[in-house]
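Have a look at run.csv below; it lists CSV, C-alpha atoms.
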chain,number,residue,atom,x,y,z
W,1,MET,CA,-11.1,-10.6,-12.5
W,2,GLN,CA,-10.9,-9.6,-8.9
W,3,ARG,CA,-12.5,-6.5,-7.2
W,4,PHE,CA,-11.1,-4.4,-4.4
W,5,TYR,CA,-12.3,-1.4,-2.5
W,6,ARG,CA,-10.9,1.6,-0.7
W,7,GLY,CA,-13.0,3.8,1.6
W,8,VAL,CA,-11.9,7.3,2.5
W,9,PRO,CA,-13.7,9.6,5.0
W,10,ARG,CA,-13.7,12.7,2.9
W,11,HIS,CA,-13.0,13.9,-0.7
W,12,PHE,CA,-9.3,14.5,-1.2
W,13,ASP,CA,-6.5,12.9,-3.1
W,14,GLU,CA,-6.4,9.4,-1.5
W,15,THR,CA,-5.1,7.6,-4.5
W,16,THR,CA,-1.6,8.5,-3.6
W,17,PRO,CA,0.4,6.6,-1.0
W,18,SER,CA,1.4,8.6,2.1
W,19,VAL,CA,5.1,8.7,1.4
W,20,PHE,CA,4.5,10.5,-1.9
W,21,ARG,CA,2.3,13.2,-0.5
W,22,SER,CA,5.1,15.6,0.3
W,23,PRO,CA,8.6,16.1,-1.2
W,24,GLU,CA,10.2,15.8,2.3
W,25,ARG,CA,8.7,12.3,2.8
W,26,ILE,CA,9.8,10.8,-0.5
W,27,GLU,CA,13.3,12.4,-0.2
W,28,ASN,CA,13.6,10.7,3.2
W,29,GLU,CA,11.9,7.4,2.4
W,30,LYS,CA,15.1,5.3,3.0
W,31,SER,CA,15.8,7.1,6.3
W,32,LEU,CA,12.2,6.6,7.5
W,33,PHE,CA,12.5,2.9,6.7
W,34,ASN,CA,15.9,2.4,8.4
W,35,GLN,CA,15.1,4.5,11.5
W,36,LEU,CA,12.0,2.5,12.3
W,37,LEU,CA,13.9,-0.8,11.8
W,38,ALA,CA,16.7,0.5,14.1
W,39,MET,CA,14.4,1.7,16.8
W,40,ASN,CA,12.2,-1.4,16.9
W,41,PRO,CA,14.2,-4.4,15.6
W,42,SER,CA,12.3,-7.1,17.5
W,43,ASP,CA,9.0,-6.1,15.9
W,44,PHE,CA,10.3,-7.1,12.4
W,45,VAL,CA,12.0,-10.4,13.3
W,46,ALA,CA,9.3,-12.4,11.5
W,47,ASP,CA,9.4,-10.3,8.4
W,48,SER,CA,11.6,-11.9,5.7
W,49,THR,CA,11.2,-9.4,2.9
W,50,THR,CA,11.1,-5.7,2.4
W,51,LEU,CA,7.5,-5.9,1.4
W,52,ASP,CA,6.7,-7.7,4.8
W,53,LYS,CA,8.4,-4.8,6.6
W,54,LEU,CA,6.6,-2.1,4.6
W,55,VAL,CA,3.3,-3.8,5.4
W,56,ARG,CA,4.0,-3.7,9.1
W,57,MET,CA,5.3,-0.1,8.9
W,58,GLN,CA,2.1,0.9,7.0
W,59,HIS,CA,-0.1,-0.5,9.7
W,60,HIS,CA,1.8,1.4,12.4
W,61,GLY,CA,1.5,4.7,10.7
W,62,LEU,CA,4.8,5.2,8.9
W,63,PRO,CA,4.5,6.8,5.5
W,64,THR,CA,5.1,4.1,2.8
W,65,ARG,CA,4.6,3.4,-0.9
W,66,LEU,CA,1.6,1.2,0.0
W,67,LEU,CA,-2.1,2.1,-0.2
W,68,ASP,CA,-4.6,0.1,1.8
W,69,ILE,CA,-7.4,-1.6,0.0
W,70,THR,CA,-9.8,-4.4,0.9
W,71,ALA,CA,-11.5,-7.3,-0.8
W,72,ASN,CA,-14.6,-6.7,1.3
W,73,PRO,CA,-16.9,-3.9,0.1
W,74,LEU,CA,-18.5,-3.5,3.5
W,75,MET,CA,-15.0,-2.8,4.9
W,76,GLY,CA,-14.6,-0.2,2.3
W,77,LEU,CA,-17.9,1.4,3.4
W,78,TYR,CA,-16.8,1.3,7.0
W,79,PHE,CA,-13.6,3.2,6.3
W,80,ALA,CA,-15.6,5.8,4.4
W,81,CYS,CA,-17.9,6.4,7.3
W,82,GLU,CA,-15.9,5.9,10.5
W,83,LEU,CA,-14.3,9.4,10.5
W,84,GLU,CA,-15.2,13.0,9.5
W,85,PRO,CA,-19.0,12.8,10.3
W,86,ASP,CA,-19.6,16.2,8.7
W,87,GLU,CA,-17.9,15.3,5.4
W,88,ALA,CA,-19.0,13.2,2.5
W,89,GLY,CA,-17.0,10.0,2.2
W,90,GLU,CA,-16.0,8.0,-0.9
W,91,VAL,CA,-15.5,4.3,-1.8
W,92,PHE,CA,-13.2,3.5,-4.7
W,93,PHE,CA,-14.0,0.4,-6.8
W,94,LEU,CA,-11.0,-1.3,-8.3
W,95,SER,CA,-11.1,-4.2,-10.8
W,96,VAL,CA,-8.0,-6.2,-11.4
W,97,SER,CA,-7.3,-9.2,-13.6
W,98,ASN,CA,-6.1,-12.3,-11.8
W,99,LYS,CA,-2.7,-12.2,-13.4
W,100,ASP,CA,-2.1,-8.7,-12.0
W,101,VAL,CA,-2.8,-9.6,-8.4
W,102,LYS,CA,0.6,-10.4,-6.8
W,103,PHE,CA,1.5,-12.4,-3.7
W,104,PRO,CA,4.4,-11.9,-1.2
W,105,ASP,CA,6.8,-14.1,-3.3
W,106,SER,CA,6.3,-12.0,-6.4
W,107,ASP,CA,9.5,-10.8,-8.1
W,108,ARG,CA,7.8,-7.6,-9.3
W,109,ALA,CA,6.7,-6.8,-5.7
W,110,SER,CA,10.3,-7.4,-4.5
W,111,VAL,CA,11.6,-4.9,-7.2
W,112,VAL,CA,9.2,-2.2,-6.3
W,113,ALA,CA,9.2,-2.6,-2.6
W,114,ASN,CA,13.0,-2.4,-2.5
W,115,LEU,CA,13.0,1.0,-4.2
W,116,ALA,CA,12.2,2.2,-0.6
W,117,ARG,CA,15.8,1.2,0.4
W,118,LEU,CA,17.5,3.4,-2.2
W,119,THR,CA,18.6,7.0,-1.7
W,120,THR,CA,16.9,9.7,-3.6
W,121,VAL,CA,19.9,10.0,-5.9
W,122,GLN,CA,19.8,6.3,-6.6
W,123,ARG,CA,16.1,6.2,-7.3
W,124,VAL,CA,16.4,9.2,-9.7
W,125,ALA,CA,19.2,7.4,-11.5
W,126,VAL,CA,17.1,4.2,-11.8
W,127,ALA,CA,14.2,6.2,-13.2
W,128,GLU,CA,16.4,8.1,-15.7
W,129,VAL,CA,18.1,4.9,-17.1
W,130,ALA,CA,14.6,3.3,-17.4
W,131,GLU,CA,13.5,6.3,-19.5
W,132,SER,CA,16.8,6.6,-21.5
W,133,THR,CA,16.6,2.9,-22.5
W,134,SER,CA,12.9,2.9,-23.5
W,135,SER,CA,13.6,3.0,-27.2
W,136,LEU,CA,15.9,0.0,-27.2
W,137,PRO,CA,14.7,-3.5,-28.2
W,138,PRO,CA,13.4,-5.4,-25.1
W,139,VAL,CA,16.3,-7.8,-24.6
W,140,GLU,CA,18.9,-5.0,-25.0
W,141,ARG,CA,16.9,-2.6,-22.9
W,142,ILE,CA,16.8,-5.1,-19.9
W,143,LYS,CA,20.5,-5.9,-20.3
W,144,THR,CA,21.5,-2.2,-20.4
W,145,PHE,CA,19.2,-1.3,-17.5
W,146,ASN,CA,20.5,-4.0,-15.2
W,147,GLU,CA,24.1,-2.9,-15.8
W,148,ASN,CA,23.5,0.6,-14.3
W,149,ARG,CA,25.3,1.2,-10.9
W,150,SER,CA,22.1,2.3,-9.1
W,151,VAL,CA,20.1,-0.7,-10.5
W,152,LEU,CA,22.9,-3.0,-9.3
W,153,ARG,CA,22.3,-1.5,-5.8
W,154,LEU,CA,18.6,-2.3,-6.1
W,155,LEU,CA,19.6,-5.8,-7.2
W,156,HIS,CA,21.8,-6.1,-4.1
W,157,PHE,CA,18.8,-5.4,-1.8
W,158,ILE,CA,16.6,-7.9,-3.7
W,159,LYS,CA,19.2,-10.6,-3.5
W,160,GLN,CA,19.3,-10.2,0.3
W,161,GLU,CA,15.8,-11.7,0.4
W,162,LYS,CA,16.0,-13.7,-2.9
W,163,PRO,CA,19.5,-15.0,-3.5
W,164,TYR,CA,18.4,-16.7,-6.7
W,165,PHE,CA,17.1,-13.5,-8.2
W,166,GLU,CA,18.7,-12.9,-11.7
W,167,PRO,CA,19.7,-9.4,-13.0
W,168,LYS,CA,16.8,-9.2,-15.3
W,169,ILE,CA,14.6,-6.4,-13.8
W,170,ASN,CA,12.1,-5.1,-16.4
W,171,PRO,CA,12.4,-1.3,-16.4
W,172,ARG,CA,8.7,-1.0,-16.9
W,173,HIS,CA,8.1,-2.3,-13.4
W,174,ILE,CA,9.9,0.6,-11.8
W,175,SER,CA,6.9,2.9,-12.4
W,176,SER,CA,4.1,0.3,-12.1
W,177,ILE,CA,1.3,-0.2,-9.7
W,178,SER,CA,0.6,-3.7,-8.4
W,179,VAL,CA,-2.2,-5.1,-6.3
W,180,VAL,CA,-0.5,-7.2,-3.6
W,181,ARG,CA,-2.2,-9.7,-1.3
W,182,ALA,CA,0.1,-9.6,1.8
W,183,LYS,CA,0.6,-12.4,4.3
W,184,LEU,CA,-2.2,-12.8,6.8
W,185,SER,CA,0.3,-12.9,9.7
W,186,ASN,CA,-1.1,-9.5,10.9
W,187,LEU,CA,-4.5,-9.9,12.7
W,188,ARG,CA,-5.7,-6.5,11.3
W,189,ILE,CA,-5.0,-7.5,7.7
W,190,ALA,CA,-6.9,-10.7,8.2
W,191,ALA,CA,-9.8,-9.0,9.9
W,192,GLN,CA,-10.1,-6.3,7.2
W,193,ALA,CA,-9.6,-8.7,4.2
W,194,GLY,CA,-6.7,-6.4,3.5
W,195,ALA,CA,-4.6,-6.0,0.4
W,196,PHE,CA,-2.4,-3.2,-0.9
W,197,LEU,CA,-1.6,-1.2,-3.9
W,198,LEU,CA,2.2,-1.1,-4.3
W,199,PHE,CA,3.4,2.0,-6.1
W,200,GLY,CA,6.6,2.4,-8.1
W,201,ASP,CA,8.3,5.7,-8.5
W,202,GLY,CA,6.3,8.2,-10.4
W,203,ALA,CA,3.4,5.8,-10.7
W,204,THR,CA,-0.1,7.2,-11.0
W,205,PHE,CA,-3.5,5.8,-11.9
W,206,GLU,CA,-3.5,8.0,-15.0
W,207,GLY,CA,0.0,7.3,-16.2
W,208,SER,CA,1.0,3.7,-15.2
W,209,SER,CA,0.5,1.1,-17.9
W,210,LYS,CA,-0.1,-1.5,-15.2
W,211,SER,CA,-2.9,0.6,-13.7
W,212,ARG,CA,-5.0,1.8,-16.6
W,213,GLY,CA,-8.5,0.8,-16.1
W,214,ILE,CA,-7.9,-0.4,-12.5
W,215,LEU,CA,-9.9,2.5,-10.9
W,216,GLU,CA,-13.4,1.5,-12.1
W,217,ARG,CA,-15.6,4.1,-10.3
W,218,VAL,CA,-16.2,6.0,-7.1
W,219,ILE,CA,-19.4,6.2,-5.0
W,220,THR,CA,-20.1,9.1,-2.6
W,221,VAL,CA,-21.4,8.5,0.9
W,222,ARG,CA,-23.3,11.5,2.2
W,223,ALA,CA,-22.3,12.9,5.5
W,224,LYS,CA,-25.8,12.6,6.9
W,225,SER,CA,-25.9,8.9,6.1
W,226,LYS,CA,-22.7,8.0,7.9
W,227,ARG,CA,-24.1,7.5,11.4
W,228,ARG,CA,-26.9,5.3,10.1
W,229,ILE,CA,-24.6,3.2,7.9
W,230,MET,CA,-22.2,2.6,10.9
W,231,LYS,CA,-25.1,1.3,13.0
W,232,GLU,CA,-26.1,-1.0,10.2
W,233,LEU,CA,-22.6,-2.3,9.7
W,234,ASP,CA,-22.4,-2.9,13.5
W,235,HIS,CA,-25.4,-5.2,13.2
W,236,LEU,CA,-23.5,-7.1,10.5
W,237,GLY,CA,-20.5,-7.5,12.9
W,238,ILE,CA,-18.4,-4.8,11.4
W,239,ASN,CA,-17.3,-2.4,14.1
W,240,GLU,CA,-14.3,-1.0,15.9
W,241,ALA,CA,-13.6,-4.2,17.8
W,242,THR,CA,-13.7,-6.5,14.7
W,243,VAL,CA,-12.0,-4.1,12.2
W,244,TYR,CA,-9.1,-3.3,14.6
W,245,PRO,CA,-8.7,-6.5,16.6
W,246,SER,CA,-6.9,-5.6,19.8
W,247,LEU,CA,-7.6,-5.5,23.5
W,248,GLU,CA,-7.7,-1.7,23.6
W,249,ARG,CA,-10.1,-1.4,20.6
W,250,SER,CA,-12.4,-4.1,22.0
W,251,ALA,CA,-12.5,-2.3,25.4
W,252,ALA,CA,-13.3,1.0,23.7
W,253,TYR,CA,-16.1,-0.6,21.7
W,254,ILE,CA,-17.6,-2.3,24.8
W,255,ALA,CA,-17.4,0.9,26.8
W,256,LYS,CA,-18.9,3.2,24.1
W,257,PRO,CA,-22.6,2.9,25.2
W,258,PHE,CA,-21.6,3.9,28.7
W,259,PRO,CA,-20.0,7.4,28.4
W,260,VAL,CA,-18.9,9.4,31.5
W,261,ALA,CA,-21.6,11.9,32.4
W,262,LYS,CA,-20.7,15.5,31.9
W,263,THR,CA,-20.5,17.7,35.0
So, in terms of structure tokens, how does the structure I just supplied come out?
Amino acid sequence: MQRFYRGVPRHFDETTPSVFRSPERIENEKSLFNQLLAMNPSDFVADSTTLDKLVRMQHHGLPTRLLDITANPLMGLYFACELEPDEAGEVFFLSVSNKDVKFPDSDRASVVANLARLTTVQRVAVAEVAESTSSLPPVERIKTFNENRSVLRLLHFIKQEKPYFEPKINPRHISSISVVRAKLSNLRIAAQAGAFLLFGDGATFEGSSKSRGILERVITVRAKSKRRIMKELDHLGINEATVYPSLERSAAYIAKPFPVAKT
């Protein structure tokens, strides 16, 4: 069993990835993905899979189907305290069996990540055929599902990164939630002991068979305690400069004790 954490600065629905938080975003997921690739191609040269690209997009602020989590509980506490000083924060505790923690080469991760490259019409068709075949025997269900035109389009994208991938997508994975440990090629991911929850279409903590029991509990961080906790975390080496490793953030951290006097 492995444990992960997610800190949020105030109480609101933060168990939903950003691309699912409005109809306009999810309807334009493919367009968002393609536009950022087209505008900044050199930034994605080292990314060999759609999951790699989604991770980079997530860390640069594009709405994706990823939700940030961390393996370090103190990092979760930092994220609950760093913003919204007048609001109570929260830290989510997530417990996951070892077999349900996926890595960048995971076939299931490839399936779910590449849903982001489908049009809305195609994603709806994939979800509908997954539902319509649910009563079939497992072998027949998988065969029928993988013969659907929109599923074949999904397979096309998967084969671009995994030429060996066989047309045997399990329909259950379309609406699953997986914990994914991404590559540590990004300095921020490494510094934050980062991982991600990768959401399939229509996946929720309450409804996904792969996520039942994953959300173990939530603790509340009182607003009046945030400043003190941030100071204590700083003493432990967890601060703006170490959580967000970059020249700009290090400079901001160093300069913070020396504010410009008000005139």
Mind checking which residues fall within 12 Å of W:His156, counting only C-alpha atoms, ignoring those fewer than 2 positions away in the same chain, and posting them as a short mmCIF file (atom, residue, chain, number, x, y, z; two decimals) with C-alpha atoms, keeping the file's coordinate frame?
data_model
loop_
_atom_site.label_atom_id
_atom_site.label_comp_id
_atom_site.auth_asym_id
_atom_site.auth_seq_id
_atom_site.Cartn_x
_atom_site.Cartn_y
_atom_site.Cartn_z
CA SER W 110 10.30 -7.40 -4.50
CA VAL W 111 11.60 -4.90 -7.20
CA ASN W 114 13.00 -2.40 -2.50
CA LEU W 115 13.00 1.00 -4.20
CA ARG W 117 15.80 1.20 0.40
CA LEU W 118 17.50 3.40 -2.20
CA ASN W 146 20.50 -4.00 -15.20
CA ARG W 149 25.30 1.20 -10.90
CA SER W 150 22.10 2.30 -9.10
CA VAL W 151 20.10 -0.70 -10.50
CA LEU W 152 22.90 -3.00 -9.30
CA ARG W 153 22.30 -1.50 -5.80
CA LEU W 154 18.60 -2.30 -6.10
CA ILE W 158 16.60 -7.90 -3.70
CA LYS W 159 19.20 -10.60 -3.50
CA GLN W 160 19.30 -10.20 0.30
CA GLU W 161 15.80 -11.70 0.40
CA LYS W 162 16.00 -13.70 -2.90
CA PRO W 163 19.50 -15.00 -3.50
CA TYR W 164 18.40 -16.70 -6.70
CA PHE W 165 17.10 -13.50 -8.20
CA GLU W 166 18.70 -12.90 -11.70
CA PRO W 167 19.70 -9.40 -13.00
#
Contacts of stretch 234-250 of chain W within 12 Å, only C-alpha atoms, excl. fewer than 5 positions in-chain, as a PyMOL selection string: chain W and resi 59+70+72-79+81-83+186-194+227-229+255-256
Choose the residue, out of W:Arg108, W:Arg56, W:Arg6, W:Arg123, that has the smallest atom-to-atom separation from W:Ser95; count only C-alpha atoms.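 Using only C-alpha atoms, the shortest distance to W:Ser95 belongs to W:Arg6.
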Quote the spacing between atom CA of W:Ala125 and atom CA of W:Val101 in Å to one decimal place. 28.0 Å
For W:Thr119, which of W:Met1, W:Val218, W:Phe20, W:Phe33 is the closest residue, counting all atoms listed in the file?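 Checking each of W:Met1, W:Val218, W:Phe20, W:Phe33 against W:Thr119, counting all atoms listed in the file, the winner is W:Phe33.
Closest to W:Asp105 among W:Ile174, W:Ala182, W:Ile142, W:Leu54 is W:Ala182, based on only C-alpha atoms.
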